[in-house]
Amino acid sequence: MRERISRTKIASLAISACALAGASAAPALAQDAASSDAAQVAPPANEAHISGGGISAPGKPVAERVVCKTGCLGRRKATPGAVVKIKGLSLDYASQMVFRGTAGPMPVSLTYRDSVRVRAIVPPGALSSRPYVIDEQGERSNRTKRKLTISAALPPAGPGVFPIQGTHTYGGPDSRFGAARNGHTHQGQDVAAACGTPLVSVMNATVQYAGYQASGAGYYVVLDNNGTEDDFVYMHLAGPALVHTVNAPVAAGQQVGVVGQTGDAEGCHLHFEFWQGDWYGGGHPIDPLPSLLAWDPTA
Ligand SMILES: [Zn+2]
């Protein structure tokens with residue numbers, strides 16, 4: 001039933017809660033380290049101990065799993081610009097992650113490293129492959145067991161109106177679709193703007209749902225695009241959505257509310273989701289950033 005929000009929907013909504021748009025990458029790195037299991041931070045089993053001085057040097061780096069962290073189309077499906085993580089062993093001295101390119105290997109510097117995981121950004125032109133790491137002495141690891149699929153970012157939705165009618169910023173990696181959140185993945189793009197900035201409908205649509213959720217979305221509204229099954233979700237509005245009657249028509253560019261920070265939000269921002277298919281009704285969220293950039297007159 002699209003007209004009513006079920007308990008399941010309310011529970012699911014909590015996972016959309018987002019942190020402050022524009023948070024720097026540093027807290028994300030700290031979070032990553034803090035969330036690791038004790039077992040993961042134990043010394044690598046194959047660490048070579050040099051006797052005498054108590055100095056230890058890691059063995060050959062070992063790559064195990066590769067997962068896409070942000071800018072992802074799936075767990076092992078990345079786009080250029082995505083942050084990917086390789087988990088493994090003896091990564092203490094890893095310095096580069098190597099992708100396959102049309103003209104040969106494409107090494108890139110790491111954006112994070114500890115003994116059991118490294119992160120790097122997929123460079124433009126990288127092809128689907130099983131990446132590996134190289135350490136500071138040029139020693140290379142095996143390739144990851146499973147392949148990382150790399151494909152061009154999804155094309156944006158059709159013509160639309162940028163949802164924020166005012167100055168805004170997209171923030172850093174932590175604002176992105178797919179960014180790690182406490183126990184879940186960020187399902188939208190956070191765009192920071194002053195509280196009170198008007199929010200408008202991106203397309204001709206009908207109201208699918210408008211409500212309030214203290215623990216997550218705050219005041220939010222779900223718009224169902226006319227003519228497709230796409231849904232657009234606006235969260236953390238300052239107050240109740242201006243359009244709230246289910247099935248009421250909303251024109252592209254019509255105001256639906258104003259930017260706020262209600263619910264689980266730190267700082268004034270719009271949390272924007274783009275669903276292909278029905279919102280919690282068989283559809284799934286996709287990265288809205290390509291569409292937002294296409295609609296943004298200032299981008
Ligand atoms: Zn968010």
# chains A, B, ... in the order shown; residues from 1 in each chain; ligands from 1
>>> residues_around(residues="Gln165 in chain A", least_positions_apart="2", cutoff="9 Å", atoms="only C-alpha atoms", output="mmCIF file with N, CA and C atoms, in the first residue's frame")
data_model
loop_
_atom_site.group_PDB
_atom_site.id
_atom_site.type_symbol
_atom_site.label_atom_id
_atom_site.label_comp_id
_atom_site.auth_asym_id
_atom_site.auth_seq_id
_atom_site.Cartn_x
_atom_site.Cartn_y
_atom_site.Cartn_z
ATOM 1 N N PHE A 162 16.733 21.635 -9.848
ATOM 2 C CA PHE A 162 17.559 21.389 -8.667
ATOM 3 C C PHE A 162 16.707 21.641 -7.413
ATOM 4 N N PRO A 163 16.764 20.716 -6.438
ATOM 5 C CA PRO A 163 15.810 20.804 -5.311
ATOM 6 C C PRO A 163 16.051 21.942 -4.328
ATOM 7 N N THR A 167 22.126 28.915 -2.086
ATOM 8 C CA THR A 167 23.524 28.504 -1.971
ATOM 9 C C THR A 167 23.612 27.153 -1.261
ATOM 10 N N HIS A 168 24.474 26.302 -1.780
ATOM 11 C CA HIS A 168 24.580 24.953 -1.222
ATOM 12 C C HIS A 168 25.969 24.389 -1.484
ATOM 13 N N THR A 197 16.234 27.657 3.569
ATOM 14 C CA THR A 197 16.340 27.731 2.105
ATOM 15 C C THR A 197 15.208 26.912 1.472
ATOM 16 N N PRO A 198 14.501 27.483 0.494
ATOM 17 C CA PRO A 198 13.365 26.762 -0.104
ATOM 18 C C PRO A 198 13.797 25.464 -0.810
ATOM 19 N N LEU A 199 12.957 24.459 -0.653
ATOM 20 C CA LEU A 199 13.135 23.179 -1.352
ATOM 21 C C LEU A 199 11.994 23.034 -2.339
ATOM 22 N N VAL A 200 12.325 22.604 -3.564
ATOM 23 C CA VAL A 200 11.287 22.482 -4.585
ATOM 24 C C VAL A 200 11.293 21.082 -5.189
#
>>> residues_around(residues="Pro131 in chain A", least_positions_apart="5", cutoff="8 Å", atoms="only C-alpha atoms", output="count of residues only")
9
>>> residues_around(residues="range 77-81 of chain A", least_positions_apart="6", cutoff="7 Å", atoms="only C-alpha atoms", output="PyMOL selection string")
chain A and resi 68+71+121-124+148-153
>>> atom_distance(atom1="CA of Ala82 in chain A", atom2="CA of Ala265 in chain A")
24.1 Å
>>> residues_around(residues="range 244-247 of chain A", least_positions_apart="5", cutoff="10 Å", atoms="only C-alpha atoms", output="list in words")
Arg2, Glu3, Arg4, Ala205, Thr206, Val207, Gln208, Tyr209, Ala210, Gly211, Tyr220, Val221, Val222, Leu223, Asp224 and Val256 of chain A
>>> write_last_selection(atoms="C-alpha atoms", output="mmCIF file, in the first residue's frame")
data_model
loop_
_atom_site.group_PDB
_atom_site.id
_atom_site.type_symbol
_atom_site.label_atom_id
_atom_site.label_comp_id
_atom_site.auth_asym_id
_atom_site.auth_seq_id
_atom_site.Cartn_x
_atom_site.Cartn_y
_atom_site.Cartn_z
ATOM 1 C CA ARG A 2 1.577 3.219 -1.064
ATOM 2 C CA GLU A 3 -0.850 5.385 0.850
ATOM 3 C CA ARG A 4 0.124 4.267 4.288
ATOM 4 C CA ALA A 205 5.086 14.414 -9.309
ATOM 5 C CA THR A 206 2.469 13.356 -6.821
ATOM 6 C CA VAL A 207 2.854 13.200 -3.074
ATOM 7 C CA GLN A 208 3.404 9.627 -2.020
ATOM 8 C CA TYR A 209 3.924 10.265 1.652
ATOM 9 C CA ALA A 210 4.778 13.073 4.057
ATOM 10 C CA GLY A 211 5.577 12.518 7.689
ATOM 11 C CA TYR A 220 10.243 14.349 5.220
ATOM 12 C CA VAL A 221 8.302 14.016 2.011
ATOM 13 C CA VAL A 222 8.306 11.358 -0.702
ATOM 14 C CA LEU A 223 7.395 12.412 -4.241
ATOM 15 C CA ASP A 224 6.429 9.955 -6.962
ATOM 16 C CA VAL A 256 7.675 21.491 -0.946
#
>>> atom_distance(atom1="CA of Gly283 in chain A", atom2="CA of His271 in chain A")
18.1 Å
>>> select_by_dssp(residues="range 21-250 of chain A", states="alpha helix (DSSP H)", output="list in words")
Ala25, Ala26, Pro27, Ala28, Leu29, Ala30, Gln31, Asp32, Ala33, Ala34, Ala38, Ala39, Gln40 and Val41 of chain A
>>> write_last_selection(atoms="C-alpha atoms", output="CSV table (one decimal), in the first residue's frame")
chain,number,residue,atom,x,y,z
A,25,ALA,CA,37.2,12.4,5.8
A,26,ALA,CA,39.2,12.2,9.0
A,27,PRO,CA,36.3,11.2,11.3
A,28,ALA,CA,35.3,8.5,8.7
A,29,LEU,CA,38.8,7.1,8.9
A,30,ALA,CA,38.7,7.1,12.7
A,31,GLN,CA,35.3,5.5,12.6
A,32,ASP,CA,36.6,2.8,10.3
A,33,ALA,CA,39.4,1.9,12.7
A,34,ALA,CA,37.1,2.1,15.7
A,38,ALA,CA,39.5,-7.1,17.9
A,39,ALA,CA,40.5,-10.0,15.7
A,40,GLN,CA,41.0,-7.7,12.8
A,41,VAL,CA,43.5,-5.5,14.6
